file query.txt (compact mmCIF, C-alpha atoms)
# COMPACT_ATOMS: atom_id res chain seq x y z
CA MET R 87 86.88 80.47 80.23
CA ALA R 88 85.37 83.41 78.38
CA HIS R 89 86.30 86.95 79.36
CA VAL R 90 83.40 89.19 78.50
CA THR R 91 84.38 92.32 76.58
CA ASP R 92 80.89 93.12 75.22
CA PHE R 93 78.09 93.40 77.77
CA LYS R 94 75.50 93.11 74.98
CA GLU R 95 76.81 89.65 74.13
CA ALA R 96 76.20 88.80 77.78
CA GLY R 97 72.54 89.82 77.45
CA PHE R 98 72.67 93.25 79.15
CA ASN R 99 71.53 96.59 77.74
CA THR R 100 74.27 98.55 79.47
CA LEU R 101 77.64 97.83 81.03
CA LEU R 102 76.24 99.20 84.29
CA GLU R 103 73.57 96.48 84.27
CA GLU R 104 76.21 93.76 84.05
CA LEU R 105 78.19 95.25 86.94
CA GLU R 106 75.00 95.45 89.00
CA TRP R 107 74.10 91.84 88.16
CA ARG R 108 77.50 90.71 89.41
CA GLY R 109 76.90 92.59 92.67
CA LEU R 110 79.90 94.82 91.99
CA ILE R 111 78.03 98.04 92.74
CA SER R 112 76.67 99.01 96.15
CA GLN R 113 75.64 102.56 95.26
CA SER R 114 76.18 105.08 92.50
CA THR R 115 75.30 108.67 91.79
CA ASP R 116 73.41 109.89 88.73
CA ARG R 117 72.61 106.38 87.55
CA ASP R 118 71.11 107.31 84.19
CA ARG R 119 73.96 109.68 83.42
CA LEU R 120 76.47 107.05 84.49
CA ALA R 121 74.87 104.29 82.39
CA GLU R 122 74.90 106.56 79.34
CA ALA R 123 78.53 107.55 79.92
CA LEU R 124 79.70 103.94 80.26
CA ASN R 125 77.91 103.03 77.02
CA GLY R 126 79.36 105.97 75.11
CA GLU R 127 82.81 107.21 74.20
CA PRO R 128 85.62 106.08 76.54
CA ILE R 129 85.77 107.94 79.83
CA THR R 130 88.59 108.20 82.37
CA TYR R 131 87.98 106.75 85.83
CA TYR R 132 90.08 106.18 88.92
CA CYS R 133 90.36 104.19 92.10
CA GLY R 134 92.74 104.86 94.97
CA PHE R 135 94.93 102.36 96.84
CA ASP R 136 96.82 103.49 99.92
CA PRO R 137 100.21 101.82 100.61
CA THR R 138 99.56 101.39 104.35
CA ALA R 139 100.80 97.78 104.14
CA ALA R 140 103.34 95.86 102.09
CA SER R 141 100.79 94.05 99.96
CA LEU R 142 97.19 93.96 98.78
CA HIS R 143 94.87 91.11 99.76
CA ILE R 144 92.12 89.70 97.60
CA GLY R 145 89.58 91.94 99.31
CA ASN R 146 91.10 94.64 97.06
CA LEU R 147 90.29 92.45 94.09
CA VAL R 148 86.67 93.68 94.06
CA GLN R 149 87.89 97.17 93.10
CA LEU R 150 90.37 95.79 90.60
CA ILE R 151 87.81 93.49 88.97
CA ASN R 152 85.47 96.47 88.56
CA MET R 153 88.32 98.46 87.02
CA ARG R 154 89.09 95.51 84.76
CA HIS R 155 85.53 95.29 83.45
CA LEU R 156 85.58 99.00 82.62
CA GLN R 157 88.99 98.66 80.98
CA LEU R 158 87.84 95.75 78.84
CA ALA R 159 84.93 97.93 77.71
CA GLY R 160 87.42 100.51 76.43
CA HIS R 161 87.46 103.02 79.29
CA HIS R 162 90.70 104.53 80.60
CA PRO R 163 91.76 103.57 84.14
CA ILE R 164 93.86 105.56 86.57
CA ALA R 165 95.26 103.71 89.61
CA LEU R 166 96.09 106.23 92.28
CA VAL R 167 98.63 104.75 94.66
CA GLY R 168 98.45 107.22 97.52
CA GLY R 169 101.97 108.36 98.24
CA ALA R 170 100.51 111.20 100.33
CA THR R 171 97.38 109.61 101.82
CA GLY R 172 99.38 106.44 102.48
CA LEU R 173 101.57 108.45 104.87
CA ILE R 174 98.46 109.25 106.94
CA GLY R 175 95.87 106.51 106.44
CA ASP R 176 92.09 106.71 106.51
CA PRO R 177 90.87 106.70 110.14
CA ARG R 178 90.28 103.21 111.49
CA GLN R 179 87.28 102.21 113.58
CA SER R 180 89.43 102.35 116.71
CA GLY R 181 92.89 103.64 117.53
CA GLU R 182 95.36 105.80 115.63
CA ARG R 183 97.40 104.27 112.85
CA THR R 184 101.15 103.94 113.16
CA LEU R 185 102.75 106.48 110.84
CA ASN R 186 105.26 104.63 108.67
CA PRO R 187 108.55 106.17 107.42
CA LYS R 188 108.41 107.82 103.99
CA ASP R 189 110.90 105.40 102.43
CA VAL R 190 108.87 102.41 103.66
CA VAL R 191 105.65 103.83 102.21
CA ALA R 192 107.42 104.56 98.91
CA GLY R 193 108.62 100.95 98.74
CA TRP R 194 105.14 99.64 99.46
CA ALA R 195 103.73 101.95 96.76
CA ASP R 196 106.06 100.38 94.18
CA ARG R 197 104.95 96.89 95.22
CA LEU R 198 101.28 97.85 94.92
CA LYS R 199 101.86 99.19 91.42
CA ASN R 200 103.34 95.86 90.39
CA GLN R 201 100.43 93.95 91.94
CA ILE R 202 97.82 96.19 90.28
CA GLY R 203 99.68 95.84 86.99
CA GLY R 204 99.16 92.10 87.23
CA ILE R 205 95.38 92.60 87.01
CA LEU R 206 95.00 95.57 84.66
CA ASP R 207 96.52 95.97 81.20
CA THR R 208 99.66 98.10 81.36
CA GLU R 209 100.05 98.41 77.60
CA GLY R 210 97.73 99.37 74.76
CA ALA R 211 95.34 102.19 73.96
CA ASN R 212 93.67 102.19 77.39
CA ALA R 213 96.54 101.01 79.56
CA VAL R 214 96.30 101.82 83.26
CA ARG R 215 97.92 105.10 84.24
CA PHE R 216 99.63 105.13 87.63
CA VAL R 217 99.63 108.37 89.62
CA SER R 218 100.62 109.35 93.15
CA ASN R 219 98.86 112.10 95.07
CA TYR R 220 102.21 112.90 96.65
CA ASP R 221 103.11 114.60 93.36
CA TRP R 222 100.47 117.34 93.72
CA THR R 223 100.20 117.39 97.52
CA ALA R 224 103.81 117.58 98.69
CA SER R 225 104.43 120.85 96.87
CA MET R 226 101.53 122.62 98.66
CA THR R 227 102.42 124.81 101.62
CA VAL R 228 100.34 124.55 104.77
CA ILE R 229 98.87 127.96 104.03
CA ASP R 230 97.97 126.94 100.46
CA PHE R 231 96.34 123.77 101.73
CA LEU R 232 94.26 125.59 104.32
CA ARG R 233 93.25 128.48 102.05
CA ASP R 234 92.70 126.67 98.73
CA VAL R 235 91.33 123.35 99.92
CA GLY R 236 90.46 123.42 103.60
CA LYS R 237 88.40 126.61 103.24
CA ASN R 238 85.83 124.63 101.22
CA PHE R 239 85.11 122.09 103.98
CA ARG R 240 82.64 122.52 106.82
CA LEU R 241 83.30 120.88 110.18
CA GLY R 242 79.69 119.81 110.54
CA THR R 243 79.96 117.73 107.38
CA MET R 244 83.35 116.29 108.29
CA LEU R 245 82.18 115.32 111.78
CA ALA R 246 79.23 113.42 110.30
CA LYS R 247 81.49 110.66 108.98
CA ASP R 248 80.71 107.48 110.95
CA THR R 249 84.30 106.60 111.72
CA VAL R 250 85.13 110.14 112.81
CA ALA R 251 82.07 110.33 115.05
CA ARG R 252 82.89 106.97 116.62
CA ARG R 253 86.50 107.95 117.26
CA LEU R 254 85.50 111.31 118.77
CA ASN R 255 83.32 109.49 121.28
CA SER R 256 86.04 106.97 122.17
CA GLU R 257 88.84 107.18 124.71
CA GLU R 258 91.44 107.31 121.93
CA GLY R 259 89.87 110.28 120.16
CA ILE R 260 91.19 111.24 116.73
CA SER R 261 94.15 113.36 115.69
CA PHE R 262 93.93 116.31 113.31
CA THR R 263 96.19 114.31 110.98
CA GLU R 264 93.72 111.47 110.46
CA PHE R 265 90.79 113.88 110.57
CA SER R 266 92.25 115.68 107.55
CA TYR R 267 92.38 112.52 105.40
CA GLN R 268 89.00 113.19 103.79
CA VAL R 269 90.19 116.63 102.68
CA LEU R 270 93.19 115.09 100.92
CA GLN R 271 91.08 112.46 99.16
CA GLY R 272 88.52 115.03 98.07
CA ASN R 273 91.31 117.13 96.57
CA ASP R 274 92.51 114.08 94.56
CA PHE R 275 89.28 113.89 92.54
CA LEU R 276 89.41 117.64 91.91
CA HIS R 277 92.99 117.38 90.65
CA LEU R 278 92.38 114.32 88.45
CA PHE R 279 89.41 116.00 86.78
CA ASP R 280 91.52 119.06 86.01
CA GLU R 281 94.55 117.08 84.86
CA TYR R 282 93.02 114.10 83.03
CA HIS R 283 89.29 114.94 82.77
CA CYS R 284 88.59 112.03 85.11
CA THR R 285 84.80 111.83 85.49
CA LEU R 286 84.29 108.73 87.65
CA GLU R 287 85.71 107.65 91.01
CA LEU R 288 85.47 104.09 92.35
CA GLY R 289 85.84 103.03 95.97
CA GLY R 290 84.75 100.52 98.59
CA SER R 291 81.39 101.09 100.28
CA ASP R 292 83.26 102.17 103.42
CA GLN R 293 84.74 105.03 101.35
CA ARG R 294 81.37 106.48 100.30
CA PHE R 295 81.68 109.52 102.57
CA ASN R 296 85.12 110.39 101.22
CA LEU R 297 83.96 109.98 97.62
CA LEU R 298 81.03 112.34 98.21
CA VAL R 299 83.44 114.86 99.71
CA GLY R 300 85.24 115.00 96.36
CA ARG R 301 81.98 115.76 94.56
CA GLU R 302 81.21 118.55 97.01
CA LEU R 303 84.66 120.07 96.49
CA GLN R 304 84.05 120.08 92.74
CA ARG R 305 80.88 122.09 93.30
CA GLN R 306 82.78 124.54 95.49
CA TYR R 307 85.11 125.13 92.54
CA ASN R 308 82.10 125.68 90.25
CA GLN R 309 82.66 122.38 88.46
CA LYS R 310 79.98 119.88 87.58
CA ALA R 311 79.94 117.14 90.24
CA GLN R 312 81.19 113.93 88.67
CA CYS R 313 79.98 110.36 89.19
CA ILE R 314 81.00 107.89 91.87
CA ILE R 315 80.53 104.14 92.30
CA THR R 316 80.91 102.36 95.61
CA MET R 317 81.56 98.63 95.70
CA PRO R 318 80.75 95.97 98.30
CA LEU R 319 83.39 94.87 100.78
CA LEU R 320 84.46 91.26 100.35
CA VAL R 321 83.43 89.04 103.26
CA GLY R 322 86.44 87.24 104.67
CA LEU R 323 87.09 83.56 105.28
CA ASP R 324 85.15 83.64 108.56
CA GLY R 325 81.95 84.30 106.59
CA VAL R 326 80.98 87.24 108.82
CA ASN R 327 83.41 90.14 108.80
CA LYS R 328 84.89 92.07 105.91
CA MET R 329 88.23 90.69 104.78
CA SER R 330 90.93 92.18 106.96
CA LYS R 331 94.45 91.28 108.02
CA SER R 332 93.62 92.36 111.56
CA LYS R 333 90.85 89.74 111.71
CA HIS R 334 93.03 86.97 110.22
CA ASN R 335 90.30 86.15 107.68
CA TYR R 336 92.14 87.17 104.53
CA ILE R 337 94.05 85.74 101.60
CA GLY R 338 97.17 87.69 100.72
CA ILE R 339 97.88 87.96 97.02
CA THR R 340 101.53 87.06 97.61
CA GLU R 341 100.67 83.79 99.34
CA GLU R 342 101.94 80.54 97.87
CA PRO R 343 99.58 78.86 95.35
CA ASN R 344 98.87 75.85 97.59
CA GLU R 345 97.95 78.02 100.56
CA MET R 346 95.80 80.32 98.43
CA PHE R 347 94.01 77.38 96.80
CA GLY R 348 93.35 75.68 100.14
CA LYS R 349 91.85 78.80 101.70
CA VAL R 350 89.39 79.24 98.83
CA MET R 351 88.42 75.58 99.21
CA SER R 352 87.62 76.22 102.89
CA LEU R 353 84.81 78.64 101.99
CA SER R 354 81.21 77.80 102.78
CA ASP R 355 79.09 77.18 99.67
CA ASP R 356 77.08 80.39 100.16
CA LEU R 357 80.20 82.50 100.51
CA MET R 358 81.77 80.75 97.52
CA TRP R 359 78.92 81.93 95.26
CA ASN R 360 79.26 85.46 96.59
CA TRP R 361 82.98 85.41 95.77
CA PHE R 362 82.20 83.91 92.36
CA ASP R 363 79.96 86.85 91.43
CA LEU R 364 82.37 89.47 92.74
CA LEU R 365 85.76 88.05 91.77
CA SER R 366 85.30 85.90 88.68
CA MET R 367 85.77 87.20 85.17
CA ARG R 368 83.63 84.37 83.79
CA SER R 369 80.67 85.37 81.69
CA ASN R 370 77.13 85.74 82.97
CA GLU R 371 76.14 82.66 80.94
CA GLU R 372 78.90 80.50 82.45
CA ILE R 373 78.14 81.48 86.04
CA GLN R 374 74.39 81.02 85.65
CA GLN R 375 74.89 77.60 84.07
CA LEU R 376 77.23 76.53 86.85
CA LYS R 377 74.71 77.57 89.51
CA LYS R 378 71.93 75.63 87.76
CA GLU R 379 74.10 72.50 87.56
CA CYS R 380 74.88 72.67 91.28
CA GLU R 381 71.20 73.20 92.12
CA ALA R 382 70.47 70.09 90.02
CA GLY R 383 72.90 67.96 92.02
CA ARG R 384 76.42 68.74 90.85
CA ASN R 385 78.87 68.90 93.75
CA PRO R 386 79.47 72.58 94.68
CA ARG R 387 83.08 71.59 95.29
CA ASP R 388 83.53 71.52 91.50
CA ALA R 389 82.58 75.20 91.34
CA LYS R 390 84.85 75.94 94.29
CA VAL R 391 87.78 74.32 92.46
CA MET R 392 87.05 76.52 89.42
CA LEU R 393 87.06 79.63 91.60
CA ALA R 394 90.23 78.60 93.43
CA LYS R 395 92.03 77.92 90.15
CA GLU R 396 90.92 81.23 88.67
CA ILE R 397 92.19 83.17 91.69
CA VAL R 398 95.51 81.31 91.83
CA THR R 399 96.00 81.76 88.09
CA ARG R 400 95.39 85.49 88.39
CA PHE R 401 98.17 85.96 90.95
CA HIS R 402 100.50 83.17 89.81
CA ASN R 403 99.84 81.22 86.60
CA ALA R 404 97.78 78.33 85.20
CA GLU R 405 100.51 75.77 85.86
CA ALA R 406 100.69 76.77 89.53
CA ALA R 407 96.88 76.51 89.77
CA ASP R 408 96.92 72.99 88.29
CA ALA R 409 99.67 71.95 90.70
CA ALA R 410 97.80 73.45 93.67
CA GLU R 411 94.66 71.55 92.70
CA GLN R 412 96.58 68.27 92.53
CA GLU R 413 98.30 68.94 95.85
CA PHE R 414 94.92 69.67 97.45
CA ILE R 415 93.46 66.43 96.03
CA ASN R 416 96.42 64.45 97.37
CA ARG R 417 96.03 65.98 100.84
CA PHE R 418 92.31 65.37 100.82
CA ARG R 419 92.75 61.73 99.86
CA LYS R 420 95.24 61.27 102.66
CA GLY R 421 92.70 62.60 105.13
CA ALA R 422 94.59 65.83 105.87
CA VAL R 423 91.32 67.70 105.31
CA PRO R 424 88.53 65.53 106.74
CA GLU R 425 85.22 65.69 104.92
CA ASN R 426 83.04 65.58 108.04
CA ILE R 427 84.45 67.40 111.04
CA PRO R 428 82.65 68.25 114.30
CA GLU R 429 80.69 71.50 114.36
CA VAL R 430 80.85 73.57 117.53
CA THR R 431 78.94 76.77 118.37
CA LEU R 432 80.33 78.99 121.12
CA GLU R 433 78.29 81.85 122.59
CA ASN R 434 80.39 84.85 123.61
CA ASN R 435 77.98 87.81 123.42
CA GLY R 436 79.32 88.92 120.05
CA GLU R 437 82.80 89.53 121.45
CA ALA R 438 86.20 88.23 120.39
CA MET R 439 87.68 85.21 122.17
CA GLY R 440 91.34 84.43 122.75
CA ILE R 441 92.67 81.64 120.56
CA LEU R 442 93.75 79.51 123.52
CA LYS R 443 90.30 79.66 125.11
CA LEU R 444 88.73 78.97 121.71
CA ILE R 445 90.82 75.81 121.31
CA LYS R 446 89.87 74.62 124.80
CA GLU R 447 86.16 75.46 124.48
CA ALA R 448 86.02 73.73 121.09
CA GLY R 449 87.25 70.56 122.79
CA LEU R 450 90.55 70.40 120.91
CA ALA R 451 92.76 70.75 124.00
CA PRO R 452 92.15 69.89 127.68
CA SER R 453 93.44 73.26 128.92
CA THR R 454 94.61 76.66 127.70
CA THR R 455 98.12 75.66 128.79
CA GLU R 456 98.04 72.69 126.41
CA ALA R 457 96.51 74.89 123.73
CA GLY R 458 99.39 77.34 124.15
CA ARG R 459 101.88 74.50 123.83
CA ASN R 460 100.28 73.50 120.52
CA VAL R 461 100.57 77.08 119.23
CA THR R 462 104.23 77.24 120.25
CA GLN R 463 104.92 73.97 118.42
CA GLY R 464 103.24 75.27 115.24
CA GLY R 465 100.39 72.78 115.42
CA VAL R 466 97.41 75.17 115.32
CA HIS R 467 95.81 76.36 112.08
CA LEU R 468 92.86 78.73 111.73
CA ASN R 469 91.23 78.58 108.28
CA GLY R 470 94.37 76.92 107.00
CA GLU R 471 96.69 79.64 108.32
CA LYS R 472 99.23 78.72 111.00
CA VAL R 473 98.63 80.54 114.30
CA THR R 474 101.83 81.90 115.84
CA ASP R 475 100.43 84.45 118.31
CA LYS R 476 99.12 82.98 121.56
CA ALA R 477 97.42 86.32 122.30
CA LEU R 478 95.40 86.26 119.05
CA GLN R 479 91.83 87.48 119.50
CA VAL R 480 89.38 85.66 117.23
CA GLN R 481 86.43 87.76 116.07
CA PRO R 482 82.88 86.34 115.84
CA GLY R 483 82.47 84.18 112.75
CA THR R 484 82.82 80.63 111.48
CA TYR R 485 86.28 79.02 111.28
CA THR R 486 87.95 75.73 110.48
CA LEU R 487 90.24 75.02 113.43
CA GLN R 488 92.94 72.34 113.38
CA VAL R 489 95.09 71.29 116.32
CA GLY R 490 97.84 68.83 115.56
CA LYS R 491 97.36 66.38 112.70
CA ARG R 492 94.09 64.78 113.72
CA LYS R 493 91.99 67.23 115.74
CA TRP R 494 89.57 69.34 113.74
CA ALA R 495 86.44 71.41 114.36
CA LYS R 496 84.26 73.84 112.49
CA VAL R 497 83.77 76.53 115.13
CA THR R 498 81.11 79.22 115.03
CA LEU R 499 81.77 81.98 117.54
CA LYS R 500 78.76 84.17 118.31
call {"tool": "encode", "arguments": {"input": "query.txt", "output": "structure tokens"}}
result
Amino acid sequence: MAHVTDFKEAGFNTLLEELEWRGLISQSTDRDRLAEALNGEPITYYCGFDPTAASLHIGNLVQLINMRHLQLAGHHPIALVGGATGLIGDPRQSGERTLNPKDVVAGWADRLKNQIGGILDTEGANAVRFVSNYDWTASMTVIDFLRDVGKNFRLGTMLAKDTVARRLNSEEGISFTEFSYQVLQGNDFLHLFDEYHCTLELGGSDQRFNLLVGRELQRQYNQKAQCIITMPLLVGLDGVNKMSKSKHNYIGITEEPNEMFGKVMSLSDDLMWNWFDLLSMRSNEEIQQLKKECEAGRNPRDAKVMLAKEIVTRFHNAEAADAAEQEFINRFRKGAVPENIPEVTLENNGEAMGILKLIKEAGLAPSTTEAGRNVTQGGVHLNGEKVTDKALQVQPGTYTLQVGKRKWAKVTLK
């Protein structure tokens, strides 16, 4: 498998064009300036990762793959593991986050550094630099923060953020703590420009508002506003929602090789190609050729195996990927993963449905009581992941549901 280090060899005029072809860019500022910068002398860029959980999932891989492409092109990456912002957390769509103890967040930050270091080069001329915003935030007094940073923000702008507006209009409301998150993130870009001449910030498309806040703060300090790139959010295993642990549609990067491999193999063909573009380091030529072969009659499962092996290899090793492939083949031959399973569509007005009702309505148990018994006995799997919570709410999407050894259904909840 070729890893592209020269976008011109891949048939693109600029590195930015290759990233856009792969679908790795949702939006960017100053496109011409950015394209020229990425084609010129090495620049310094950064992406932030908040330790609000013990591990990344492969939804974070979109950011890391983008960082990897830039690193391979000779640019200098900074991975900001938010020791300060991780203590607060970006406001969620609904409900306040639980504030975790400082020692727990510090431990999670160390784990994230190790996981990021498994994707990006940690040695060499453009090795990833790890920084924590706790280092320049913790020493600020409240008065310094309000006078030097907060003074440059206008409430009207801050209230315009979608998540903030939604929370303000909800019963839960939003605390000043979470409301201030965007100020902290904006200050990060200002600091990294001053300290390392960092001229590009990367972030998920749901972070666009926060990234623009950093540019505005630079202007307030009479600096030239630097460039930003937002990236698409990876669609989860359900094929509908963004990958999220709360929606149980994710693959954790610490999962065992067999489980990781099996989940990738459960993807629909359309979603598989989307993941291929976003997550694979294969060359443009390889991916295009593979798509043509599948359009001409090659089994898309072959491409799915390639993707599954590439992902497992990235987080484990090639030997583990080979073993996971063989284990999957053995299971498939034994009928553990039936090729043709019933397809069921359940209408629920776009709302979540409890797992027990879902099992019953899909025809895999005669009653919710029996469905609950199956969950208790460990016999229920949703997209290959064992269900242990009888109160689980399943969001709208498409799922592979297994009850016991022989009952299967592909369930679409609308």
call {"tool": "atom_distance", "arguments": {"input": "query.txt", "atom1": "atom CA of R:Thr249", "atom2": "atom CA of R:Glu182"}}
result
11.8 Å
call {"tool": "closest_residue", "arguments": {"input": "query.txt", "among": "R:Leu158, R:Leu298, R:Met153, R:Ala170", "to": "R:Thr115", "atoms": "only C-alpha atoms"}}
result
R:Leu298
call {"tool": "closest_residue", "arguments": {"input": "query.txt", "among": "R:Leu278, R:Leu232, R:Leu444, R:Val191", "to": "R:Val217", "atoms": "all atoms listed in the file"}}
result
R:Leu278
call {"tool": "atom_distance", "arguments": {"input": "query.txt", "atom1": "atom CA of R:Gly290", "atom2": "atom CA of R:Gly109"}}
result
12.6 Å
call {"tool": "residues_around", "arguments": {"input": "query.txt", "residues": "R:Lys472", "least_positions_apart": "3", "cutoff": "12 Å", "atoms": "only C-alpha atoms", "output": "JSON, numbers by chain"}}
result
{"R": [334, 345, 349, 441, 460, 461, 462, 463, 464, 465, 466, 467, 468, 469, 475, 476, 478, 486, 487, 488, 489, 490]}
call {"tool": "atom_distance", "arguments": {"input": "query.txt", "atom1": "atom CA of R:Pro452", "atom2": "atom CA of R:Asn335"}}
result
25.8 Å
call {"tool": "closest_residue", "arguments": {"input": "query.txt", "among": "R:Lys247, R:Lys491, R:Lys333, R:Arg178", "to": "R:Asn296", "atoms": "all atoms listed in the file"}}
result
R:Lys247
call {"tool": "residues_near_point", "arguments": {"input": "query.txt", "point": "(92.6, 87.5, 86.7)", "cutoff": "9 Å", "atoms": "only C-alpha atoms", "output": "short mmCIF file (atom, residue, chain, number, x, y, z; two decimals) with C-alpha atoms, keeping the file's coordinate frame"}}
result
data_model
loop_
_atom_site.label_atom_id
_atom_site.label_comp_id
_atom_site.auth_asym_id
_atom_site.auth_seq_id
_atom_site.Cartn_x
_atom_site.Cartn_y
_atom_site.Cartn_z
CA ILE R 151 87.81 93.49 88.97
CA ARG R 154 89.09 95.51 84.76
CA GLY R 204 99.16 92.10 87.23
CA ILE R 205 95.38 92.60 87.01
CA LEU R 206 95.00 95.57 84.66
CA LEU R 365 85.76 88.05 91.77
CA SER R 366 85.30 85.90 88.68
CA MET R 367 85.77 87.20 85.17
CA GLU R 396 90.92 81.23 88.67
CA ILE R 397 92.19 83.17 91.69
CA VAL R 398 95.51 81.31 91.83
CA THR R 399 96.00 81.76 88.09
CA ARG R 400 95.39 85.49 88.39
CA PHE R 401 98.17 85.96 90.95
#
call {"tool": "closest_residue", "arguments": {"input": "query.txt", "among": "R:Asn370, R:Asp408, R:Asp118, R:Ser354", "to": "R:Lys496", "atoms": "all atoms listed in the file"}}
result
R:Ser354
call {"tool": "residues_near_point", "arguments": {"input": "query.txt", "point": "(81.5, 75.3, 116.9)", "cutoff": "9 Å", "atoms": "all atoms listed in the file", "output": "number ranges by chain"}}
result
R: 428-432, 447-448, 484-485, 495-499
call {"tool": "closest_residue", "arguments": {"input": "query.txt", "among": "R:Glu433, R:Asn152, R:Cys133, R:Arg294", "to": "R:Phe216", "atoms": "only C-alpha atoms"}}
result
R:Cys133
